[in-house]
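Asker: Enclosed is the structure file entry_33.csv (CSV, C-alpha atoms and all ligand atoms).
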chain,number,residue,atom,x,y,z
A,310,MET,CA,16.0,-32.7,-7.1
A,311,THR,CA,15.9,-29.4,-5.3
A,312,VAL,CA,16.5,-26.1,-7.2
A,313,LYS,CA,19.7,-25.7,-5.3
A,314,ASP,CA,21.0,-29.1,-6.4
A,315,ALA,CA,19.8,-28.4,-10.0
A,316,VAL,CA,21.8,-25.1,-10.0
A,317,LEU,CA,24.9,-26.9,-8.6
A,318,LYS,CA,24.6,-29.7,-11.1
A,319,THR,CA,24.2,-27.4,-14.1
A,320,PHE,CA,27.3,-25.5,-13.0
A,321,ALA,CA,29.4,-28.7,-12.8
A,322,GLU,CA,28.1,-29.9,-16.2
A,323,ARG,CA,28.5,-26.6,-18.1
A,324,PHE,CA,31.7,-25.2,-16.6
A,325,GLY,CA,33.4,-28.6,-15.9
A,326,ASN,CA,34.5,-27.6,-12.4
A,327,ALA,CA,33.0,-26.8,-9.0
A,328,PRO,CA,31.6,-23.4,-8.0
A,329,THR,CA,33.3,-21.6,-5.1
A,330,LEU,CA,30.3,-19.6,-3.9
A,331,LEU,CA,26.6,-20.3,-3.5
A,332,ALA,CA,24.2,-17.4,-2.7
A,333,ARG,CA,20.5,-17.7,-1.9
A,334,ALA,CA,17.7,-15.1,-1.6
A,335,PRO,CA,14.1,-16.0,-0.9
A,336,GLY,CA,10.8,-14.6,-2.3
A,337,ARG,CA,8.3,-13.1,0.0
A,338,VAL,CA,4.6,-13.1,0.8
A,339,ASN,CA,3.1,-10.1,2.3
A,340,LEU,CA,0.6,-10.9,5.2
A,341,ILE,CA,-0.7,-7.3,5.4
A,342,GLY,CA,0.4,-3.7,4.8
A,343,GLU,CA,-0.1,-3.4,1.0
A,344,HIS,CA,1.1,-0.3,-0.9
A,345,THR,CA,2.0,1.3,2.4
A,346,ASP,CA,5.8,0.9,2.0
A,347,TYR,CA,6.2,3.9,-0.3
A,348,ASN,CA,4.1,6.0,2.1
A,349,ASP,CA,6.7,5.5,4.9
A,350,GLY,CA,4.2,3.1,6.5
A,351,PHE,CA,4.1,-0.4,8.0
A,352,VAL,CA,4.3,-3.8,6.3
A,353,LEU,CA,4.3,-7.3,7.5
A,354,PRO,CA,5.8,-9.7,4.9
A,355,ALA,CA,7.5,-13.0,5.5
A,356,ALA,CA,10.4,-14.5,3.4
A,357,ILE,CA,9.1,-17.8,2.0
A,358,ASP,CA,10.6,-21.2,1.4
A,359,ARG,CA,11.1,-20.5,-2.3
A,360,ALA,CA,14.2,-18.8,-3.4
A,361,VAL,CA,16.7,-17.9,-6.2
A,362,TYR,CA,20.2,-19.5,-6.0
A,363,VAL,CA,23.3,-18.5,-7.8
A,364,ALA,CA,26.4,-20.7,-7.9
A,365,ALA,CA,29.6,-19.0,-9.1
A,366,ARG,CA,33.3,-19.2,-9.6
A,367,PRO,CA,35.6,-16.1,-10.2
A,368,ARG,CA,37.5,-15.7,-13.4
A,369,ALA,CA,40.7,-13.9,-14.1
A,370,ASP,CA,39.1,-11.3,-16.4
A,371,ARG,CA,36.2,-8.8,-16.3
A,372,THR,CA,33.8,-11.1,-18.2
A,373,VAL,CA,30.6,-12.6,-16.7
A,374,HIS,CA,29.2,-15.9,-18.2
A,375,LEU,CA,25.8,-16.3,-16.8
A,376,ILE,CA,23.5,-19.3,-17.4
A,377,SER,CA,19.8,-19.2,-16.3
A,378,THR,CA,18.1,-22.5,-15.6
A,379,ASP,CA,14.7,-20.8,-15.5
A,380,PHE,CA,15.0,-19.2,-18.9
A,381,SER,CA,17.1,-22.0,-20.4
A,382,ALA,CA,19.4,-19.3,-21.7
A,383,GLU,CA,22.8,-18.0,-21.3
A,384,THR,CA,24.7,-14.7,-21.9
A,385,THR,CA,28.2,-13.3,-21.7
A,386,PHE,CA,28.9,-9.7,-20.9
A,387,ALA,CA,31.7,-7.4,-19.7
A,388,LEU,CA,31.4,-5.8,-16.3
A,389,ASP,CA,32.3,-2.5,-18.0
A,390,ASP,CA,29.3,-2.8,-20.3
A,391,LEU,CA,26.4,-3.7,-18.0
A,392,ASP,CA,23.8,-1.5,-19.6
A,393,ASP,CA,24.3,-2.7,-23.2
A,394,PRO,CA,20.8,-2.6,-24.6
A,395,ASP,CA,21.4,-5.6,-26.9
A,396,LEU,CA,21.9,-8.0,-24.0
A,397,PRO,CA,18.9,-10.3,-23.2
A,398,ALA,CA,16.0,-9.0,-21.2
A,399,TRP,CA,16.2,-11.8,-18.6
A,400,SER,CA,19.7,-10.7,-17.6
A,401,ARG,CA,18.6,-7.1,-16.7
A,402,TYR,CA,18.1,-7.8,-13.0
A,403,PRO,CA,21.4,-9.6,-12.4
A,404,ARG,CA,23.2,-7.0,-14.5
A,405,GLY,CA,21.4,-4.2,-12.5
A,406,SER,CA,22.8,-5.5,-9.2
A,407,LEU,CA,26.3,-5.7,-10.6
A,408,TRP,CA,25.9,-2.2,-12.0
A,409,TRP,CA,24.9,-0.9,-8.5
A,410,LEU,CA,27.8,-2.6,-6.8
A,411,GLU,CA,30.3,-1.2,-9.3
A,412,ASN,CA,28.7,2.3,-8.8
A,413,GLN,CA,29.2,1.9,-5.1
A,414,GLY,CA,32.9,1.4,-5.7
A,415,HIS,CA,33.0,-2.3,-5.2
A,416,THR,CA,35.2,-4.0,-7.8
A,417,VAL,CA,33.7,-7.3,-8.7
A,418,PRO,CA,35.9,-9.7,-10.7
A,419,GLY,CA,34.5,-11.6,-13.7
A,420,PHE,CA,32.8,-14.9,-13.0
A,421,ASP,CA,31.0,-17.9,-14.3
A,422,ALA,CA,27.6,-18.5,-12.8
A,423,VAL,CA,24.4,-20.5,-12.9
A,424,ILE,CA,21.2,-18.8,-11.6
A,425,GLY,CA,17.9,-20.5,-11.0
A,426,GLY,CA,15.0,-20.6,-8.6
A,427,ASP,CA,11.5,-21.8,-7.7
A,428,ILE,CA,9.7,-18.5,-7.1
A,429,PRO,CA,7.1,-18.3,-9.8
A,430,ILE,CA,8.0,-15.4,-12.1
A,431,GLY,CA,5.5,-12.5,-12.4
A,432,ALA,CA,3.2,-14.0,-9.7
A,433,GLY,CA,3.7,-11.2,-7.1
A,434,LEU,CA,6.1,-13.2,-4.9
A,435,SER,CA,9.0,-10.9,-5.6
A,436,SER,CA,11.2,-13.1,-7.8
A,437,SER,CA,12.8,-10.0,-9.1
A,438,ALA,CA,13.7,-8.6,-5.7
A,439,ALA,CA,15.2,-12.1,-4.9
A,440,VAL,CA,17.4,-11.9,-8.1
A,441,GLU,CA,18.6,-8.4,-7.1
A,442,VAL,CA,19.4,-9.4,-3.6
A,443,VAL,CA,21.0,-12.8,-4.5
A,444,MET,CA,23.3,-11.0,-7.0
A,445,ILE,CA,24.3,-8.4,-4.5
A,446,GLU,CA,25.1,-11.2,-2.0
A,447,LEU,CA,27.2,-12.9,-4.7
A,448,GLY,CA,28.9,-9.7,-6.0
A,449,LEU,CA,29.9,-8.6,-2.5
A,450,ALA,CA,31.4,-12.0,-1.7
A,451,LEU,CA,33.3,-12.0,-5.0
A,452,ALA,CA,34.6,-8.4,-4.3
A,453,GLY,CA,35.6,-9.4,-0.8
A,454,ALA,CA,33.3,-6.7,0.7
A,455,SER,CA,30.4,-6.8,3.1
A,456,LEU,CA,27.3,-4.7,3.8
A,457,SER,CA,24.5,-5.0,6.3
A,458,GLN,CA,21.3,-6.8,5.3
A,459,VAL,CA,19.5,-3.5,5.2
A,460,GLU,CA,22.1,-2.0,2.9
A,461,LYS,CA,21.9,-5.0,0.6
A,462,ALA,CA,18.1,-4.5,0.5
A,463,LEU,CA,18.4,-0.8,-0.3
A,464,GLY,CA,20.8,-1.7,-3.0
A,465,GLY,CA,18.1,-3.9,-4.6
A,466,VAL,CA,15.7,-1.0,-4.4
A,467,GLU,CA,18.2,1.3,-6.1
A,468,VAL,CA,18.5,-1.3,-8.9
A,469,GLU,CA,14.7,-1.1,-9.4
A,470,HIS,CA,14.6,2.7,-9.3
A,471,GLN,CA,17.7,3.5,-11.4
A,472,PHE,CA,18.4,0.5,-13.7
A,473,ILE,CA,14.9,-1.1,-14.2
A,474,GLY,CA,12.8,2.1,-13.9
A,475,MET,CA,10.2,0.7,-11.4
A,476,PRO,CA,9.4,3.1,-8.5
A,477,CYS,CA,8.9,0.3,-5.9
A,478,GLY,CA,9.0,0.6,-2.1
A,479,VAL,CA,11.4,-1.2,0.2
A,480,MET,CA,9.3,-4.1,1.3
A,481,ASP,CA,10.3,-6.9,-1.1
A,482,GLN,CA,14.0,-6.5,-0.9
A,483,MET,CA,13.9,-6.0,2.9
A,484,ALA,CA,11.9,-9.2,3.3
A,485,SER,CA,14.3,-11.2,1.1
A,486,ALA,CA,17.4,-9.9,2.9
A,487,LEU,CA,16.1,-9.9,6.5
A,488,GLY,CA,13.5,-12.7,6.8
A,489,ARG,CA,13.5,-14.9,9.8
A,490,ALA,CA,12.5,-18.6,9.8
A,491,GLY,CA,9.1,-19.1,11.4
A,492,HIS,CA,8.5,-15.3,11.6
A,493,ALA,CA,6.9,-12.5,9.7
A,494,LEU,CA,8.8,-9.2,9.6
A,495,LEU,CA,7.2,-6.0,10.8
A,496,ILE,CA,9.0,-3.2,8.9
A,497,ASP,CA,8.7,0.4,9.7
A,498,CYS,CA,9.4,1.7,6.2
A,499,ARG,CA,10.4,5.1,7.4
A,500,SER,CA,13.0,4.2,10.0
A,501,LEU,CA,13.7,0.7,8.4
A,502,GLU,CA,13.5,-0.8,11.9
A,503,THR,CA,12.3,-4.4,11.8
A,504,GLN,CA,10.7,-6.7,14.4
A,505,ALA,CA,10.3,-10.4,13.9
A,506,VAL,CA,6.7,-11.6,14.7
A,507,PRO,CA,6.2,-15.3,15.2
A,508,VAL,CA,3.8,-17.1,12.8
A,509,PRO,CA,1.3,-18.7,15.2
A,510,GLN,CA,1.8,-22.4,15.7
A,511,GLY,CA,-1.8,-23.3,15.0
A,512,ALA,CA,-2.2,-21.7,11.6
A,513,SER,CA,-0.7,-22.0,8.2
A,514,ILE,CA,0.0,-19.4,5.5
A,515,VAL,CA,-1.5,-20.6,2.2
A,516,ILE,CA,-0.4,-18.9,-1.0
A,517,MET,CA,-3.0,-19.0,-3.7
A,518,ASP,CA,-1.6,-18.2,-7.2
A,519,THR,CA,-4.6,-17.2,-9.4
A,520,ALA,CA,-2.7,-18.2,-12.6
A,521,ARG,CA,-3.7,-14.7,-13.9
A,522,ARG,CA,-0.3,-13.1,-14.6
A,523,ARG,CA,0.0,-9.5,-13.6
A,524,GLY,CA,-1.0,-6.9,-16.1
A,525,LEU,CA,-1.0,-3.1,-15.9
A,526,VAL,CA,1.2,-3.3,-12.9
A,527,ASP,CA,3.9,-0.9,-14.0
A,528,SER,CA,1.8,2.0,-15.1
A,529,GLU,CA,-0.9,1.6,-12.4
A,530,TYR,CA,1.7,1.2,-9.7
A,531,ALA,CA,3.4,4.5,-10.6
A,532,ALA,CA,0.0,6.2,-10.8
A,533,ARG,CA,-0.9,5.0,-7.3
A,534,ARG,CA,2.4,6.3,-6.0
A,535,GLU,CA,1.8,9.7,-7.5
A,536,GLN,CA,-1.7,9.9,-6.2
A,537,CYS,CA,-0.4,9.2,-2.7
A,538,GLU,CA,2.2,11.8,-3.0
A,539,THR,CA,-0.3,14.4,-4.2
A,540,ALA,CA,-2.7,13.5,-1.3
A,541,ALA,CA,0.1,13.9,1.2
A,542,GLU,CA,1.1,17.3,-0.3
A,543,LYS,CA,-2.5,18.5,-0.1
A,544,LEU,CA,-2.8,17.3,3.5
A,545,GLY,CA,0.4,19.1,4.3
A,546,VAL,CA,2.3,16.1,5.6
A,547,GLU,CA,5.6,14.4,4.5
A,548,ALA,CA,3.9,11.1,3.8
A,549,LEU,CA,0.4,9.5,4.3
A,550,ARG,CA,2.0,7.6,7.2
A,551,ASP,CA,1.6,10.9,9.2
A,552,VAL,CA,-2.2,11.1,8.9
A,553,THR,CA,-4.7,9.5,11.2
A,554,LEU,CA,-8.2,8.5,10.2
A,555,PRO,CA,-9.9,11.4,12.1
A,556,GLN,CA,-7.5,13.9,10.5
A,557,LEU,CA,-8.3,12.4,7.1
A,558,GLU,CA,-12.0,12.8,7.7
A,559,GLU,CA,-11.6,16.3,8.8
A,560,ALA,CA,-9.6,17.2,5.7
A,561,LYS,CA,-11.8,15.4,3.3
A,562,ALA,CA,-12.9,18.5,1.4
A,563,GLN,CA,-9.2,19.1,0.3
A,564,LEU,CA,-9.1,15.9,-1.7
A,565,ASP,CA,-11.2,14.7,-4.7
A,566,ASP,CA,-13.0,11.4,-4.3
A,567,VAL,CA,-10.2,9.3,-5.9
A,568,LEU,CA,-7.4,10.9,-3.8
A,569,TYR,CA,-9.5,10.6,-0.6
A,570,ARG,CA,-10.1,6.8,-1.2
A,571,ARG,CA,-6.4,6.2,-2.0
A,572,ALA,CA,-5.5,8.0,1.2
A,573,ARG,CA,-8.1,6.1,3.2
A,574,HIS,CA,-6.7,2.8,2.1
A,575,ILE,CA,-3.2,3.8,3.2
A,576,VAL,CA,-4.2,5.2,6.5
A,577,SER,CA,-6.5,2.4,7.4
A,578,GLU,CA,-4.1,-0.3,6.2
A,579,ASN,CA,-1.3,1.1,8.5
A,580,LEU,CA,-3.8,0.6,11.3
A,581,ARG,CA,-4.6,-2.9,10.3
A,582,VAL,CA,-0.9,-3.8,10.3
A,583,ARG,CA,-0.6,-2.7,13.9
A,584,VAL,CA,-3.8,-4.6,14.8
A,585,THR,CA,-2.5,-7.7,13.1
A,586,VAL,CA,0.8,-7.6,14.9
A,587,MET,CA,-0.8,-7.3,18.3
A,588,ALA,CA,-3.3,-10.0,17.5
A,589,LEU,CA,-0.6,-12.4,16.2
A,590,ARG,CA,1.3,-11.8,19.4
A,591,GLY,CA,-1.8,-12.5,21.5
A,592,ASN,CA,-2.7,-15.5,19.3
A,593,ALA,CA,-6.1,-13.8,18.4
A,594,LEU,CA,-6.3,-15.4,15.0
A,595,LYS,CA,-9.9,-14.3,14.3
A,596,THR,CA,-8.8,-10.7,14.7
A,597,VAL,CA,-5.9,-11.3,12.3
A,598,GLY,CA,-8.3,-12.9,9.8
A,599,GLN,CA,-10.7,-10.0,10.1
A,600,ALA,CA,-7.9,-7.5,9.3
A,601,LEU,CA,-6.9,-9.6,6.3
A,602,ARG,CA,-10.5,-9.5,5.0
A,603,GLU,CA,-10.8,-5.8,5.5
A,604,SER,CA,-7.5,-5.2,3.8
A,605,HIS,CA,-8.8,-6.9,0.7
A,606,VAL,CA,-12.0,-4.9,0.6
A,607,SER,CA,-10.0,-1.7,1.0
A,608,LEU,CA,-7.5,-2.7,-1.8
A,609,ARG,CA,-10.4,-3.7,-4.0
A,610,ASP,CA,-12.7,-0.7,-3.5
A,611,ASP,CA,-10.5,2.2,-2.3
A,612,TYR,CA,-7.2,1.5,-3.8
A,613,GLU,CA,-8.6,-0.3,-6.9
A,614,VAL,CA,-5.7,-2.7,-7.5
A,615,SER,CA,-7.5,-6.0,-7.4
A,616,CYS,CA,-9.0,-7.9,-10.3
A,617,ALA,CA,-11.8,-10.4,-10.9
A,618,GLU,CA,-9.6,-13.4,-10.4
A,619,LEU,CA,-8.1,-12.1,-7.1
A,620,ASP,CA,-11.6,-11.2,-5.9
A,621,ALA,CA,-12.9,-14.7,-6.8
A,622,ILE,CA,-10.2,-16.7,-5.1
A,623,VAL,CA,-10.4,-14.5,-2.0
A,624,ASP,CA,-14.2,-14.8,-1.8
A,625,ILE,CA,-13.9,-18.6,-2.2
A,626,ALA,CA,-11.2,-18.8,0.5
A,627,ASN,CA,-13.1,-16.7,2.9
A,628,THR,CA,-16.1,-19.0,2.9
A,629,GLN,CA,-14.0,-22.2,3.7
A,630,PRO,CA,-14.2,-23.8,7.1
A,631,GLY,CA,-11.0,-23.0,9.2
A,632,CYS,CA,-10.0,-20.0,7.0
A,633,TYR,CA,-9.4,-17.0,9.3
A,634,GLY,CA,-9.1,-14.6,6.4
A,635,ALA,CA,-7.7,-14.1,3.0
A,636,ARG,CA,-6.6,-11.2,0.8
A,637,MET,CA,-4.7,-10.3,-2.3
A,638,THR,CA,-0.9,-10.0,-1.7
A,639,GLY,CA,1.7,-7.9,-3.5
A,640,ALA,CA,1.1,-5.1,-6.0
A,641,GLY,CA,-2.2,-6.6,-7.4
A,642,PHE,CA,-3.7,-6.8,-10.9
A,643,GLY,CA,-3.3,-10.6,-10.9
A,644,GLY,CA,-0.7,-12.8,-9.1
A,645,CYS,CA,-1.3,-14.3,-5.7
A,646,ALA,CA,-3.6,-14.1,-2.7
A,647,VAL,CA,-2.8,-15.2,0.8
A,648,ALA,CA,-4.9,-17.0,3.4
A,649,LEU,CA,-4.4,-17.8,7.1
A,650,VAL,CA,-5.9,-21.2,7.7
A,651,GLN,CA,-6.2,-23.5,10.8
A,652,ASN,CA,-3.7,-26.3,10.5
A,653,GLU,CA,-6.3,-29.0,10.8
A,654,ALA,CA,-8.3,-27.5,8.0
A,655,VAL,CA,-5.5,-26.9,5.5
A,656,GLU,CA,-5.9,-30.1,3.5
A,657,GLN,CA,-9.6,-29.6,3.0
A,658,PHE,CA,-9.1,-26.0,2.2
A,659,VAL,CA,-6.6,-26.7,-0.6
A,660,ALA,CA,-8.8,-29.5,-1.9
A,661,ALA,CA,-11.9,-27.2,-2.0
A,662,VAL,CA,-10.5,-23.8,-3.2
A,663,GLY,CA,-8.9,-25.1,-6.4
A,664,PRO,CA,-11.9,-26.7,-8.1
A,665,ALA,CA,-14.3,-23.9,-6.9
A,666,TYR,CA,-11.9,-21.3,-8.5
A,667,THR,CA,-11.6,-23.2,-11.7
A,668,SER,CA,-15.3,-23.6,-12.1
A,669,LYS,CA,-15.7,-19.8,-11.6
A,670,THR,CA,-12.8,-18.6,-13.8
A,671,GLY,CA,-11.7,-21.5,-16.0
A,672,LEU,CA,-8.1,-21.1,-14.6
A,673,THR,CA,-6.1,-23.6,-12.7
A,674,PRO,CA,-4.7,-22.0,-9.6
A,675,HIS,CA,-1.7,-23.2,-7.6
A,676,LEU,CA,-2.0,-23.5,-3.9
A,677,TYR,CA,0.7,-24.2,-1.5
A,678,VAL,CA,1.4,-24.0,2.2
A,679,CYS,CA,4.4,-21.9,2.8
A,680,GLN,CA,6.9,-21.8,5.7
A,681,ALA,CA,8.4,-18.5,6.7
A,682,ALA,CA,12.1,-18.7,5.8
A,683,GLU,CA,15.4,-17.1,6.7
A,684,GLY,CA,16.7,-14.2,4.6
A,685,SER,CA,19.4,-14.1,2.1
A,686,GLY,CA,23.0,-15.3,2.5
A,687,VAL,CA,26.1,-16.7,0.7
A,688,GLU,CA,28.2,-19.7,1.5
A,689,ARG,CA,31.8,-20.5,0.4
A,690,LEU,CA,31.9,-24.0,-0.9
B,1,LIG,C1,5.3,-4.4,-5.0
B,1,LIG,C2,6.5,-3.4,-4.7
B,1,LIG,C3,6.5,-3.2,-3.1
B,1,LIG,C4,5.1,-2.9,-2.6
B,1,LIG,C5,4.1,-3.8,-3.1
B,1,LIG,C6,2.7,-3.4,-2.7
B,1,LIG,O1,5.6,-5.6,-4.6
B,1,LIG,O2,7.7,-3.8,-5.1
B,1,LIG,O3,7.5,-2.2,-2.8
B,1,LIG,O4,4.8,-1.5,-2.8
B,1,LIG,O5,4.1,-3.9,-4.5
B,1,LIG,O6,2.5,-3.5,-1.3
Let me see the file written as structure tokens.
Answerer:
Amino acid sequence: MTVKDAVLKTFAERFGNAPTLLARAPGRVNLIGEHTDYNDGFVLPAAIDRAVYVAARPRADRTVHLISTDFSAETTFALDDLDDPDLPAWSRYPRGSLWWLENQGHTVPGFDAVIGGDIPIGAGLSSSAAVEVVMIELGLALAGASLSQVEKALGGVEVEHQFIGMPCGVMDQMASALGRAGHALLIDCRSLETQAVPVPQGASIVIMDTARRRGLVDSEYAARREQCETAAEKLGVEALRDVTLPQLEEAKAQLDDVLYRRARHIVSENLRVRVTVMALRGNALKTVGQALRESHVSLRDDYEVSCAELDAIVDIANTQPGCYGARMTGAGFGGCAVALVQNEAVEQFVAAVGPAYTSKTGLTPHLYVCQAAEGSGVERL
């Protein structure tokens, strides 16, 4: 049974009637452009064929009865009391979205709902961004309001900043809301302009989950963000997006070694995103692969957000026949890596990487070929 069917079935079983709305928001994998989003830079994620669904039916009061299939849990809360600290932790993201909508002046009626998905949680594929976006889709439909996909994405970012306390960039929510089937999305994180870039016919995107759950992410992420802001300030620019590599070299003396390396990652990564987009458009897959490999080295050595497990799976992937290139994806410190692999070599690639990684780390990874999917939406049933 698909997750979507499981969510619909649970709704019918638990509430005894049919839902009237079904919203969906996908996870994302980032092909390249890591940690550049909060530097006003460029990113190239794709929405993936794994998503969060929520089925719902409005009620006549201001109460929400929410059942989670992923957490095998349920909770009931009032729309006037969304930040009650005694409510279960798993319901924070859905409550955050409703809180944002209410703050924006949208009056959401109470509702019964079932939420569930197949994006692995805490693996760096943006399951939390998908929950934020799916709840914004649902809340708007319930309130009879509409917003652009960019506005929905920015709403999800506000939930992270103001309700959750995570100073993330815009990439994850933008990918979830604006993804295009068969395409990656080039996002200019300053202007928020997007361009769909076709995933080449001859290659597959393989996600490699290291099975090492992310640690340290919150504190280290905030620390990286601060370092980038300090570096930009010292260089006299609004954001590191405004610096070129020659300018950075020239101003090297103004930064200590750590700040210099952080800045070098951001500046060189922005370049690699542009190279990757041009190479994808020209079907120059070796060039794409080279950029992915260089991105990993830069994240590992200059930005220092990789870990032994990510390095191991990336090294193993990079030596397989038919692999153009691989790198860690997402915030880092565990979670997933991504590889671009020749279609004919995928089966052999998946068969070889798993056992080699297990023998090196003792962990069982999960590898799957993913399809670039369409962004979020809601349907009336
Ligand atoms: C997390 C954040 C994103 C982005 C990535 C790193 O996924 O939510 O905004 O900064 O890390 O590229």
Asker: To one decimal place, how far is atom CA of Ala387 of chain A from atom CA of Arg371 of chain A in Å?
Answerer: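 The value is 5.8 Å.
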Asker: Choose the residue, out of A:Phe642, A:Tyr633, A:Tyr569, A:Phe658, that has the smallest atom-to-atom separation from ligand LIG 1 (chain B); count all atoms listed in the file.
Answerer: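 Ranking A:Phe642, A:Tyr633, A:Tyr569, A:Phe658 by distance to ligand LIG 1 (chain B), first place goes to A:Phe642.
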Asker: Given the point (4.1, -10.3, -2.7) in the file's coordinates, find the residues that have an atom at most 12 Å from it, counting all atoms listed in the file, and give them as a PyMOL selection string.
Answerer: chain A and resi 335-344+352-357+428-439+478+480-482+484-485+516-518+523+636-647
Asker: What does the distance from atom CA of Phe380 of chain A to atom CA of Arg401 of chain A come to in Å, to one decimal?
Answerer: 12.8 Å
Asker: Would you write out, as a tab-separated table, a table of all residues in segment 373-423 of chain A that have an atom no more than 12 Å from an atom of segment 322-326 of chain A, listing for each the closest atom pair and the distance in Å to one decimal, considering all atoms listed in the file and ordering rows by chain and rising residue number?
Answerer:
residue	atom	partner	partner_atom	distance
A:His374	CA	A:Phe324	CA	9.8
A:Leu375	CA	A:Phe324	CA	10.7
A:Ile376	CA	A:Arg323	CA	8.9
A:Ser377	CA	A:Arg323	CA	11.6
A:Thr378	CA	A:Arg323	CA	11.5
A:Glu383	CA	A:Arg323	CA	10.8
A:Phe420	CA	A:Phe324	CA	11.0
A:Asp421	CA	A:Phe324	CA	7.7
A:Ala422	CA	A:Phe324	CA	8.7
A:Val423	CA	A:Arg323	CA	9.0
Asker: May I have the selected residues written with C-alpha atoms, as a PDB file, in the coordinates of the input?
Answerer:
ATOM      1  CA  HIS A 374      29.200 -15.900 -18.200  1.00  0.00           C
ATOM      2  CA  LEU A 375      25.800 -16.300 -16.800  1.00  0.00           C
ATOM      3  CA  ILE A 376      23.500 -19.300 -17.400  1.00  0.00           C
ATOM      4  CA  SER A 377      19.800 -19.200 -16.300  1.00  0.00           C
ATOM      5  CA  THR A 378      18.100 -22.500 -15.600  1.00  0.00           C
ATOM      6  CA  GLU A 383      22.800 -18.000 -21.300  1.00  0.00           C
ATOM      7  CA  PHE A 420      32.800 -14.900 -13.000  1.00  0.00           C
ATOM      8  CA  ASP A 421      31.000 -17.900 -14.300  1.00  0.00           C
ATOM      9  CA  ALA A 422      27.600 -18.500 -12.800  1.00  0.00           C
ATOM     10  CA  VAL A 423      24.400 -20.500 -12.900  1.00  0.00           C
TER      11      VAL A 423
END
Asker: Between A:Ala364, A:Val312, A:Val417, A:Cys498, which one has atoms that come closest to ligand LIG 1 (chain B), using only C-alpha atoms and all ligand atoms?
Answerer: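 The shortest atom-to-atom distance to ligand LIG 1 (chain B) comes from A:Cys498.
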Asker: Pull segment 533-548 of chain A out of the block and emit N, CA and C atoms, as a short mmCIF file (atom, residue, chain, number, x, y, z; two decimals), in the first residue's frame.
Answerer:
data_model
loop_
_atom_site.label_atom_id
_atom_site.label_comp_id
_atom_site.auth_asym_id
_atom_site.auth_seq_id
_atom_site.Cartn_x
_atom_site.Cartn_y
_atom_site.Cartn_z
N ARG A 533 28.11 27.79 11.85
CA ARG A 533 28.55 28.06 10.48
C ARG A 533 27.91 29.33 9.95
N ARG A 534 26.64 29.47 10.24
CA ARG A 534 25.92 30.64 9.73
C ARG A 534 26.54 31.92 10.28
N GLU A 535 26.87 31.90 11.56
CA GLU A 535 27.48 33.07 12.19
C GLU A 535 28.85 33.36 11.60
N GLN A 536 29.63 32.28 11.37
CA GLN A 536 30.96 32.48 10.79
C GLN A 536 30.86 33.14 9.41
N CYS A 537 29.88 32.70 8.63
CA CYS A 537 29.71 33.29 7.30
C CYS A 537 29.34 34.76 7.40
N GLU A 538 28.46 35.07 8.36
CA GLU A 538 28.06 36.47 8.52
C GLU A 538 29.26 37.33 8.96
N THR A 539 30.07 36.79 9.87
CA THR A 539 31.26 37.53 10.31
C THR A 539 32.22 37.74 9.14
N ALA A 540 32.43 36.69 8.35
CA ALA A 540 33.34 36.80 7.20
C ALA A 540 32.83 37.87 6.22
N ALA A 541 31.52 37.87 5.96
CA ALA A 541 30.96 38.85 5.02
C ALA A 541 31.18 40.27 5.56
N GLU A 542 30.95 40.42 6.85
CA GLU A 542 31.13 41.73 7.47
C GLU A 542 32.58 42.22 7.34
N LYS A 543 33.51 41.31 7.64
CA LYS A 543 34.93 41.67 7.55
C LYS A 543 35.33 42.00 6.11
N LEU A 544 34.66 41.36 5.16
CA LEU A 544 34.99 41.61 3.75
C LEU A 544 34.21 42.81 3.20
N GLY A 545 33.34 43.35 4.03
CA GLY A 545 32.60 44.55 3.62
C GLY A 545 31.54 44.30 2.57
N VAL A 546 30.94 43.11 2.59
CA VAL A 546 29.86 42.81 1.63
C VAL A 546 28.60 42.41 2.40
N GLU A 547 27.48 42.46 1.69
CA GLU A 547 26.21 42.11 2.33
C GLU A 547 26.18 40.62 2.68
N ALA A 548 26.64 39.82 1.74
CA ALA A 548 26.65 38.36 1.95
C ALA A 548 27.80 37.77 1.15
#
